[in-house]
Amino acid sequence: MSSEVPEERDLSTVLDSEALDTIKSLEQPGMPSLLERVIKTYLETAEPIVEQLKDRFAANDADGVMHASHSLKSSSANVGAKRLSGMCAEIESYSREGIEALSGLDERITKIAEEFVIVKQALHSELKK
């Protein structure tokens with residue numbers, strides 16, 4: 001997966017600061033950064049889910065698409081990637097209707113993968129703060 005930003009966007013607008021602030025508010029003095037752990041865990045687990053989503057879509061596996069999009073939707077919301085989460089919610093909804101409802105959604109699956117690249121960059125930027 002490419003690490004280039006597919007479209008020009010201000011990375012500071014990619015993540016919902018309230019979600020990140022909520023995680024920061026749970027941090028304990030003297031303890032390792034909870035936000036750092038959450039972001040790193042997301043980055044480690046989300047990329048394979050994006051690949052799984054693309055693979056399951058290519059295999060016409062509506063159930064697999066539903067599960068992958070649901071997982072990515074939830075974990076993305078947790079790190080404040082609301083746009084990505086919303087895109088996944090849309091695909092999850094279509095996949096619940098069966099494989100016929102997924103036909104013609106190739107571009108939306110591609111957009112999810114592209115948005116994930118942007119989210120990754122924003123999260124890496126957040127880790128450097």
# chains A, B, ... in the order shown; residues from 1 in each chain; ligands from 1
call {"tool": "select_by_dssp", "arguments": {"residues": "chain A", "states": "helix (DSSP H, G or I)", "output": "VMD selection string"}}
result
chain A and resid 11 to 13 17 to 25 34 to 58 62 to 78 82 to 96 99 to 102 106 to 127
call {"tool": "residues_around", "arguments": {"residues": "A:Thr41", "least_positions_apart": "6", "cutoff": "12 Å", "atoms": "only C-alpha atoms", "output": "PyMOL selection string"}}
result
chain A and resi 34-35+47-48+75-76+78-79+120+123
call {"tool": "write_last_selection", "arguments": {"atoms": "all heavy atoms", "output": "PDB file, in the first residue's frame"}}
result
ATOM      1  N   LEU A  34      -1.156   6.284  26.634  1.00  0.00           N
ATOM      2  CA  LEU A  34      -2.276   5.470  26.165  1.00  0.00           C
ATOM      3  C   LEU A  34      -2.583   5.805  24.707  1.00  0.00           C
ATOM      4  O   LEU A  34      -2.839   4.907  23.896  1.00  0.00           O
ATOM      5  CB  LEU A  34      -3.506   5.711  27.034  1.00  0.00           C
ATOM      6  CG  LEU A  34      -4.773   4.960  26.627  1.00  0.00           C
ATOM      7  CD1 LEU A  34      -4.555   3.453  26.670  1.00  0.00           C
ATOM      8  CD2 LEU A  34      -5.937   5.361  27.519  1.00  0.00           C
ATOM      9  N   LEU A  35      -2.534   7.084  24.364  1.00  0.00           N
ATOM     10  CA  LEU A  35      -2.809   7.493  22.984  1.00  0.00           C
ATOM     11  C   LEU A  35      -1.826   6.835  22.023  1.00  0.00           C
ATOM     12  O   LEU A  35      -2.223   6.319  20.977  1.00  0.00           O
ATOM     13  CB  LEU A  35      -2.752   9.013  22.841  1.00  0.00           C
ATOM     14  CG  LEU A  35      -3.048   9.545  21.443  1.00  0.00           C
ATOM     15  CD1 LEU A  35      -4.455   9.163  21.002  1.00  0.00           C
ATOM     16  CD2 LEU A  35      -2.860  11.057  21.403  1.00  0.00           C
ATOM     17  N   GLU A  47      -4.438  -2.002   8.868  1.00  0.00           N
ATOM     18  CA  GLU A  47      -3.945  -2.238   7.503  1.00  0.00           C
ATOM     19  C   GLU A  47      -4.333  -3.628   6.983  1.00  0.00           C
ATOM     20  O   GLU A  47      -4.833  -3.744   5.867  1.00  0.00           O
ATOM     21  CB  GLU A  47      -2.442  -2.017   7.408  1.00  0.00           C
ATOM     22  CG  GLU A  47      -1.963  -1.987   5.980  1.00  0.00           C
ATOM     23  CD  GLU A  47      -0.735  -1.127   5.778  1.00  0.00           C
ATOM     24  OE1 GLU A  47      -0.154  -0.643   6.747  1.00  0.00           O
ATOM     25  OE2 GLU A  47      -0.381  -0.946   4.607  1.00  0.00           O
ATOM     26  N   PRO A  48      -4.153  -4.685   7.778  1.00  0.00           N
ATOM     27  CA  PRO A  48      -4.613  -5.999   7.299  1.00  0.00           C
ATOM     28  C   PRO A  48      -6.128  -6.047   7.070  1.00  0.00           C
ATOM     29  O   PRO A  48      -6.601  -6.761   6.183  1.00  0.00           O
ATOM     30  CB  PRO A  48      -4.197  -6.966   8.415  1.00  0.00           C
ATOM     31  CG  PRO A  48      -3.118  -6.267   9.154  1.00  0.00           C
ATOM     32  CD  PRO A  48      -3.411  -4.801   9.034  1.00  0.00           C
ATOM     33  N   SER A  75     -12.936   0.565  14.671  1.00  0.00           N
ATOM     34  CA  SER A  75     -11.586   0.955  15.111  1.00  0.00           C
ATOM     35  C   SER A  75     -11.214   2.341  14.602  1.00  0.00           C
ATOM     36  O   SER A  75     -10.543   3.105  15.303  1.00  0.00           O
ATOM     37  CB  SER A  75     -10.551  -0.092  14.685  1.00  0.00           C
ATOM     38  OG  SER A  75     -10.532  -0.246  13.285  1.00  0.00           O
ATOM     39  N   SER A  76     -11.671   2.703  13.419  1.00  0.00           N
ATOM     40  CA  SER A  76     -11.382   4.029  12.885  1.00  0.00           C
ATOM     41  C   SER A  76     -12.087   5.113  13.701  1.00  0.00           C
ATOM     42  O   SER A  76     -11.515   6.177  13.958  1.00  0.00           O
ATOM     43  CB  SER A  76     -11.795   4.118  11.415  1.00  0.00           C
ATOM     44  OG  SER A  76     -11.027   3.222  10.636  1.00  0.00           O
ATOM     45  N   ASN A  78     -12.717   4.955  16.806  1.00  0.00           N
ATOM     46  CA  ASN A  78     -12.002   5.057  18.084  1.00  0.00           C
ATOM     47  C   ASN A  78     -10.811   6.000  18.031  1.00  0.00           C
ATOM     48  O   ASN A  78     -10.473   6.625  19.038  1.00  0.00           O
ATOM     49  CB  ASN A  78     -11.544   3.679  18.569  1.00  0.00           C
ATOM     50  CG  ASN A  78     -12.686   2.825  19.030  1.00  0.00           C
ATOM     51  OD1 ASN A  78     -13.751   3.313  19.387  1.00  0.00           O
ATOM     52  ND2 ASN A  78     -12.489   1.517  19.014  1.00  0.00           N
ATOM     53  N   VAL A  79     -10.164   6.097  16.868  1.00  0.00           N
ATOM     54  CA  VAL A  79      -8.996   6.997  16.756  1.00  0.00           C
ATOM     55  C   VAL A  79      -9.373   8.328  16.106  1.00  0.00           C
ATOM     56  O   VAL A  79      -8.505   9.115  15.753  1.00  0.00           O
ATOM     57  CB  VAL A  79      -7.814   6.339  15.997  1.00  0.00           C
ATOM     58  CG1 VAL A  79      -7.280   5.142  16.774  1.00  0.00           C
ATOM     59  CG2 VAL A  79      -8.192   5.970  14.572  1.00  0.00           C
ATOM     60  N   LYS A 120      -3.502   7.104   8.139  1.00  0.00           N
ATOM     61  CA  LYS A 120      -2.195   6.637   8.628  1.00  0.00           C
ATOM     62  C   LYS A 120      -1.223   7.797   8.773  1.00  0.00           C
ATOM     63  O   LYS A 120      -0.527   7.916   9.779  1.00  0.00           O
ATOM     64  CB  LYS A 120      -1.594   5.613   7.661  1.00  0.00           C
ATOM     65  CG  LYS A 120      -1.862   4.205   8.022  1.00  0.00           C
ATOM     66  CD  LYS A 120      -1.194   3.157   7.178  1.00  0.00           C
ATOM     67  CE  LYS A 120      -0.183   3.543   6.158  1.00  0.00           C
ATOM     68  NZ  LYS A 120       0.362   2.381   5.438  1.00  0.00           N
ATOM     69  N   LEU A 123      -2.161   9.961  11.719  1.00  0.00           N
ATOM     70  CA  LEU A 123      -1.833   9.318  12.987  1.00  0.00           C
ATOM     71  C   LEU A 123      -0.330   9.318  13.252  1.00  0.00           C
ATOM     72  O   LEU A 123       0.108   9.529  14.392  1.00  0.00           O
ATOM     73  CB  LEU A 123      -2.399   7.894  13.034  1.00  0.00           C
ATOM     74  CG  LEU A 123      -3.910   7.810  13.145  1.00  0.00           C
ATOM     75  CD1 LEU A 123      -4.399   6.385  12.936  1.00  0.00           C
ATOM     76  CD2 LEU A 123      -4.382   8.351  14.486  1.00  0.00           C
TER      77      LEU A 123
END
call {"tool": "atom_distance", "arguments": {"atom1": "atom CA of A:Glu18", "atom2": "atom CA of A:Gly80"}}
result
7.5 Å
call {"tool": "closest_residue", "arguments": {"among": "A:Leu43, A:Ala81, A:Asp61, A:Glu115", "to": "A:Glu97", "atoms": "only C-alpha atoms"}}
result
A:Asp61
call {"tool": "atom_distance", "arguments": {"atom1": "atom CA of A:Asp55", "atom2": "atom CA of A:Ile109"}}
result
10.3 Å
call {"tool": "closest_residue", "arguments": {"among": "A:Gln52, A:Ala46, A:Pro32, A:Thr13", "to": "A:Lys73", "atoms": "only C-alpha atoms"}}
result
A:Ala46
call {"tool": "residues_around", "arguments": {"residues": "A:Ser71", "least_positions_apart": "5", "cutoff": "10 Å", "atoms": "only C-alpha atoms", "output": "ChimeraX atom specification"}}
result
/A:45-46,49-50,53,65-66,76,85,88-89,92
call {"tool": "write_last_selection", "arguments": {"atoms": "all heavy atoms", "output": "mmCIF file, in the first residue's frame"}}
result
data_model
loop_
_atom_site.group_PDB
_atom_site.id
_atom_site.type_symbol
_atom_site.label_atom_id
_atom_site.label_comp_id
_atom_site.auth_asym_id
_atom_site.auth_seq_id
_atom_site.Cartn_x
_atom_site.Cartn_y
_atom_site.Cartn_z
ATOM 1 N N THR A 45 -3.258 -3.156 13.247
ATOM 2 C CA THR A 45 -4.396 -4.033 12.965
ATOM 3 C C THR A 45 -5.255 -3.571 11.790
ATOM 4 O O THR A 45 -5.877 -4.396 11.120
ATOM 5 C CB THR A 45 -5.298 -4.184 14.203
ATOM 6 O OG1 THR A 45 -5.773 -2.886 14.605
ATOM 7 C CG2 THR A 45 -4.541 -4.837 15.350
ATOM 8 N N ALA A 46 -5.306 -2.281 11.537
ATOM 9 C CA ALA A 46 -6.210 -1.763 10.508
ATOM 10 C C ALA A 46 -5.732 -2.064 9.088
ATOM 11 O O ALA A 46 -6.556 -2.363 8.213
ATOM 12 C CB ALA A 46 -6.418 -0.262 10.685
ATOM 13 N N ILE A 49 -6.887 -5.281 7.837
ATOM 14 C CA ILE A 49 -8.343 -5.264 7.649
ATOM 15 C C ILE A 49 -8.694 -4.587 6.325
ATOM 16 O O ILE A 49 -9.600 -5.032 5.614
ATOM 17 C CB ILE A 49 -9.051 -4.576 8.839
ATOM 18 C CG1 ILE A 49 -8.837 -5.388 10.118
ATOM 19 C CG2 ILE A 49 -10.545 -4.426 8.555
ATOM 20 C CD1 ILE A 49 -9.304 -4.687 11.382
ATOM 21 N N VAL A 50 -7.968 -3.515 5.992
ATOM 22 C CA VAL A 50 -8.194 -2.855 4.702
ATOM 23 C C VAL A 50 -7.917 -3.845 3.566
ATOM 24 O O VAL A 50 -8.699 -3.946 2.615
ATOM 25 C CB VAL A 50 -7.315 -1.590 4.551
ATOM 26 C CG1 VAL A 50 -7.384 -1.029 3.138
ATOM 27 C CG2 VAL A 50 -7.730 -0.524 5.566
ATOM 28 N N LEU A 53 -10.694 -6.340 3.427
ATOM 29 C CA LEU A 53 -11.879 -5.748 2.811
ATOM 30 C C LEU A 53 -11.779 -5.792 1.288
ATOM 31 O O LEU A 53 -12.709 -6.215 0.600
ATOM 32 C CB LEU A 53 -12.046 -4.300 3.294
ATOM 33 C CG LEU A 53 -13.185 -3.490 2.683
ATOM 34 C CD1 LEU A 53 -14.539 -4.121 2.996
ATOM 35 C CD2 LEU A 53 -13.130 -2.053 3.184
ATOM 36 N N VAL A 65 -17.019 -8.939 3.506
ATOM 37 C CA VAL A 65 -17.005 -7.471 3.362
ATOM 38 C C VAL A 65 -17.681 -6.828 4.570
ATOM 39 O O VAL A 65 -17.186 -5.843 5.118
ATOM 40 C CB VAL A 65 -17.688 -7.033 2.046
ATOM 41 C CG1 VAL A 65 -17.921 -5.526 2.011
ATOM 42 C CG2 VAL A 65 -16.866 -7.472 0.843
ATOM 43 N N MET A 66 -18.801 -7.403 4.982
ATOM 44 C CA MET A 66 -19.535 -6.855 6.126
ATOM 45 C C MET A 66 -18.673 -6.877 7.383
ATOM 46 O O MET A 66 -18.577 -5.882 8.100
ATOM 47 C CB MET A 66 -20.822 -7.639 6.373
ATOM 48 C CG MET A 66 -21.638 -7.094 7.529
ATOM 49 S SD MET A 66 -23.144 -8.037 7.852
ATOM 50 C CE MET A 66 -22.477 -9.632 8.301
ATOM 51 N N SER A 76 -11.671 2.703 13.419
ATOM 52 C CA SER A 76 -11.382 4.029 12.885
ATOM 53 C C SER A 76 -12.087 5.113 13.701
ATOM 54 O O SER A 76 -11.515 6.177 13.958
ATOM 55 C CB SER A 76 -11.795 4.118 11.415
ATOM 56 O OG SER A 76 -11.027 3.222 10.636
ATOM 57 N N SER A 85 -14.513 6.006 9.002
ATOM 58 C CA SER A 85 -15.531 5.227 9.699
ATOM 59 C C SER A 85 -16.869 5.311 8.972
ATOM 60 O O SER A 85 -17.551 4.293 8.781
ATOM 61 C CB SER A 85 -15.670 5.732 11.141
ATOM 62 O OG SER A 85 -16.643 4.988 11.830
ATOM 63 N N CYS A 88 -16.859 3.263 5.800
ATOM 64 C CA CYS A 88 -16.987 1.835 6.115
ATOM 65 C C CYS A 88 -18.418 1.480 6.516
ATOM 66 O O CYS A 88 -18.912 0.403 6.161
ATOM 67 C CB CYS A 88 -16.017 1.459 7.230
ATOM 68 S SG CYS A 88 -14.293 1.532 6.730
ATOM 69 N N ALA A 89 -19.075 2.380 7.227
ATOM 70 C CA ALA A 89 -20.464 2.146 7.626
ATOM 71 C C ALA A 89 -21.351 1.991 6.395
ATOM 72 O O ALA A 89 -22.255 1.137 6.366
ATOM 73 C CB ALA A 89 -20.964 3.287 8.503
ATOM 74 N N GLU A 92 -20.633 -1.391 4.902
ATOM 75 C CA GLU A 92 -21.219 -2.409 5.787
ATOM 76 C C GLU A 92 -22.723 -2.516 5.540
ATOM 77 O O GLU A 92 -23.271 -3.623 5.437
ATOM 78 C CB GLU A 92 -20.949 -2.057 7.249
ATOM 79 C CG GLU A 92 -21.536 -3.052 8.222
ATOM 80 C CD GLU A 92 -21.399 -2.649 9.668
ATOM 81 O OE1 GLU A 92 -21.094 -1.473 9.964
ATOM 82 O OE2 GLU A 92 -21.618 -3.521 10.524
#
call {"tool": "atom_distance", "arguments": {"atom1": "atom CA of A:Lys40", "atom2": "atom CA of A:Glu126"}}
result
10.9 Å
call {"tool": "closest_residue", "arguments": {"among": "A:Arg83, A:Ser25, A:Ile91, A:Ile39", "to": "A:Asp106", "atoms": "only C-alpha atoms"}}
result
A:Ile91
call {"tool": "residues_around", "arguments": {"residues": "A:Leu11", "least_positions_apart": "2", "cutoff": "12 Å", "atoms": "only C-alpha atoms", "output": "PDB file with N, CA and C atoms, in the first residue's frame"}}
result
ATOM      1  N   VAL A   5      -0.056  10.575   0.023  1.00  0.00           N
ATOM      2  CA  VAL A   5      -1.411  11.060   0.214  1.00  0.00           C
ATOM      3  C   VAL A   5      -2.069  11.145  -1.161  1.00  0.00           C
ATOM      4  N   GLU A   7      -4.787  12.544  -2.140  1.00  0.00           N
ATOM      5  CA  GLU A   7      -5.394  13.824  -2.465  1.00  0.00           C
ATOM      6  C   GLU A   7      -4.839  14.871  -1.511  1.00  0.00           C
ATOM      7  N   GLU A   8      -4.902  16.126  -1.929  1.00  0.00           N
ATOM      8  CA  GLU A   8      -4.419  17.214  -1.086  1.00  0.00           C
ATOM      9  C   GLU A   8      -5.418  17.450   0.037  1.00  0.00           C
ATOM     10  N   ARG A   9      -4.997  17.222   1.261  1.00  0.00           N
ATOM     11  CA  ARG A   9      -5.837  17.503   2.432  1.00  0.00           C
ATOM     12  C   ARG A   9      -4.945  17.921   3.573  1.00  0.00           C
ATOM     13  N   THR A  13      -6.958  18.076   9.765  1.00  0.00           N
ATOM     14  CA  THR A  13      -8.425  17.987   9.724  1.00  0.00           C
ATOM     15  C   THR A  13      -8.917  16.548   9.541  1.00  0.00           C
ATOM     16  N   VAL A  14      -8.005  15.608   9.437  1.00  0.00           N
ATOM     17  CA  VAL A  14      -8.375  14.210   9.155  1.00  0.00           C
ATOM     18  C   VAL A  14      -8.942  13.513  10.388  1.00  0.00           C
ATOM     19  N   LEU A  15      -8.420  13.847  11.558  1.00  0.00           N
ATOM     20  CA  LEU A  15      -8.817  13.179  12.793  1.00  0.00           C
ATOM     21  C   LEU A  15      -9.665  14.105  13.666  1.00  0.00           C
ATOM     22  N   ASP A  16     -10.644  13.524  14.315  1.00  0.00           N
ATOM     23  CA  ASP A  16     -11.490  14.263  15.240  1.00  0.00           C
ATOM     24  C   ASP A  16     -10.716  14.481  16.543  1.00  0.00           C
ATOM     25  N   SER A  17     -10.420  15.725  16.846  1.00  0.00           N
ATOM     26  CA  SER A  17      -9.612  16.021  18.035  1.00  0.00           C
ATOM     27  C   SER A  17     -10.321  15.620  19.322  1.00  0.00           C
ATOM     28  N   ALA A  81     -11.011   8.864  13.209  1.00  0.00           N
ATOM     29  CA  ALA A  81     -11.050   8.894  11.744  1.00  0.00           C
ATOM     30  C   ALA A  81     -12.510   8.764  11.297  1.00  0.00           C
ATOM     31  N   GLU A 115      -8.365   6.647   1.749  1.00  0.00           N
ATOM     32  CA  GLU A 115      -8.605   7.390   2.993  1.00  0.00           C
ATOM     33  C   GLU A 115      -7.774   6.796   4.118  1.00  0.00           C
ATOM     34  N   VAL A 117      -4.821   5.548   3.893  1.00  0.00           N
ATOM     35  CA  VAL A 117      -3.464   6.083   3.734  1.00  0.00           C
ATOM     36  C   VAL A 117      -3.372   7.471   4.370  1.00  0.00           C
ATOM     37  N   ILE A 118      -4.384   8.289   4.152  1.00  0.00           N
ATOM     38  CA  ILE A 118      -4.400   9.633   4.731  1.00  0.00           C
ATOM     39  C   ILE A 118      -4.493   9.555   6.254  1.00  0.00           C
ATOM     40  N   VAL A 119      -5.342   8.678   6.754  1.00  0.00           N
ATOM     41  CA  VAL A 119      -5.493   8.493   8.202  1.00  0.00           C
ATOM     42  C   VAL A 119      -4.170   8.037   8.811  1.00  0.00           C
ATOM     43  N   LYS A 120      -3.502   7.104   8.139  1.00  0.00           N
ATOM     44  CA  LYS A 120      -2.195   6.637   8.628  1.00  0.00           C
ATOM     45  C   LYS A 120      -1.223   7.797   8.773  1.00  0.00           C
ATOM     46  N   GLN A 121      -1.171   8.638   7.771  1.00  0.00           N
ATOM     47  CA  GLN A 121      -0.253   9.778   7.820  1.00  0.00           C
ATOM     48  C   GLN A 121      -0.626  10.728   8.951  1.00  0.00           C
ATOM     49  N   ALA A 122      -1.903  10.975   9.132  1.00  0.00           N
ATOM     50  CA  ALA A 122      -2.349  11.860  10.209  1.00  0.00           C
ATOM     51  C   ALA A 122      -2.003  11.266  11.573  1.00  0.00           C
ATOM     52  N   LEU A 123      -2.161   9.961  11.719  1.00  0.00           N
ATOM     53  CA  LEU A 123      -1.833   9.318  12.987  1.00  0.00           C
ATOM     54  C   LEU A 123      -0.330   9.318  13.252  1.00  0.00           C
ATOM     55  N   HIS A 124       0.463   9.108  12.218  1.00  0.00           N
ATOM     56  CA  HIS A 124       1.908   9.197  12.382  1.00  0.00           C
ATOM     57  C   HIS A 124       2.305  10.609  12.792  1.00  0.00           C
ATOM     58  N   SER A 125       1.653  11.588  12.213  1.00  0.00           N
ATOM     59  CA  SER A 125       1.901  12.983  12.585  1.00  0.00           C
ATOM     60  C   SER A 125       1.518  13.220  14.050  1.00  0.00           C
ATOM     61  N   GLU A 126       0.409  12.636  14.463  1.00  0.00           N
ATOM     62  CA  GLU A 126      -0.030  12.765  15.861  1.00  0.00           C
ATOM     63  C   GLU A 126       0.971  12.154  16.817  1.00  0.00           C
TER      64      GLU A 126
END
call {"tool": "closest_residue", "arguments": {"among": "A:Leu20, A:Ile112, A:Ala101, A:Met31", "to": "A:Ala68", "atoms": "only C-alpha atoms"}}
result
A:Ile112
call {"tool": "closest_residue", "arguments": {"among": "A:Ile99, A:Leu127, A:Ala113, A:Val38", "to": "A:Lys54", "atoms": "only C-alpha atoms"}}
result
A:Ala113
call {"tool": "residues_around", "arguments": {"residues": "A:Ser103", "least_positions_apart": "5", "cutoff": "10 Å", "atoms": "only C-alpha atoms", "output": "list in words"}}
result
Phe57, Asn60, Tyr94, Ser95 and Gly98 of chain A
call {"tool": "write_last_selection", "arguments": {"atoms": "all heavy atoms", "output": "JSON list (two decimals), in the first residue's frame"}}
result
[["chain", "number", "residue", "atom", "x", "y", "z"],
["A", 57, "PHE", "N", -14.07, -8.22, -1.07],
["A", 57, "PHE", "CA", -14.87, -7.59, -2.12],
["A", 57, "PHE", "C", -14.56, -8.22, -3.47],
["A", 57, "PHE", "O", -15.48, -8.56, -4.23],
["A", 57, "PHE", "CB", -14.61, -6.07, -2.15],
["A", 57, "PHE", "CG", -15.40, -5.36, -3.20],
["A", 57, "PHE", "CD1", -16.74, -5.06, -3.00],
["A", 57, "PHE", "CD2", -14.83, -4.99, -4.41],
["A", 57, "PHE", "CE1", -17.49, -4.41, -3.97],
["A", 57, "PHE", "CE2", -15.56, -4.35, -5.38],
["A", 57, "PHE", "CZ", -16.90, -4.06, -5.17],
["A", 60, "ASN", "N", -16.23, -11.43, -4.05],
["A", 60, "ASN", "CA", -17.70, -11.39, -3.98],
["A", 60, "ASN", "C", -18.24, -12.04, -2.71],
["A", 60, "ASN", "O", -19.24, -12.75, -2.72],
["A", 60, "ASN", "CB", -18.33, -12.05, -5.21],
["A", 60, "ASN", "CG", -18.09, -11.26, -6.46],
["A", 60, "ASN", "OD1", -18.16, -10.03, -6.45],
["A", 60, "ASN", "ND2", -17.78, -11.94, -7.54],
["A", 94, "TYR", "N", -24.43, -1.75, 2.78],
["A", 94, "TYR", "CA", -24.66, -2.40, 1.49],
["A", 94, "TYR", "C", -24.43, -3.91, 1.60],
["A", 94, "TYR", "O", -25.18, -4.71, 1.04],
["A", 94, "TYR", "CB", -23.74, -1.84, 0.40],
["A", 94, "TYR", "CG", -24.20, -0.53, -0.18],
["A", 94, "TYR", "CD1", -23.47, 0.63, 0.03],
["A", 94, "TYR", "CD2", -25.34, -0.46, -0.97],
["A", 94, "TYR", "CE1", -23.88, 1.84, -0.53],
["A", 94, "TYR", "CE2", -25.76, 0.74, -1.52],
["A", 94, "TYR", "CZ", -25.02, 1.89, -1.29],
["A", 94, "TYR", "OH", -25.42, 3.08, -1.84],
["A", 95, "SER", "N", -23.37, -4.30, 2.30],
["A", 95, "SER", "CA", -23.02, -5.73, 2.35],
["A", 95, "SER", "C", -24.07, -6.54, 3.10],
["A", 95, "SER", "O", -24.23, -7.73, 2.83],
["A", 95, "SER", "CB", -21.64, -5.92, 2.98],
["A", 95, "SER", "OG", -21.65, -5.52, 4.34],
["A", 98, "GLY", "N", -26.49, -8.22, 0.79],
["A", 98, "GLY", "CA", -26.01, -9.29, -0.07],
["A", 98, "GLY", "C", -25.07, -8.79, -1.15],
["A", 98, "GLY", "O", -24.90, -7.59, -1.35]]
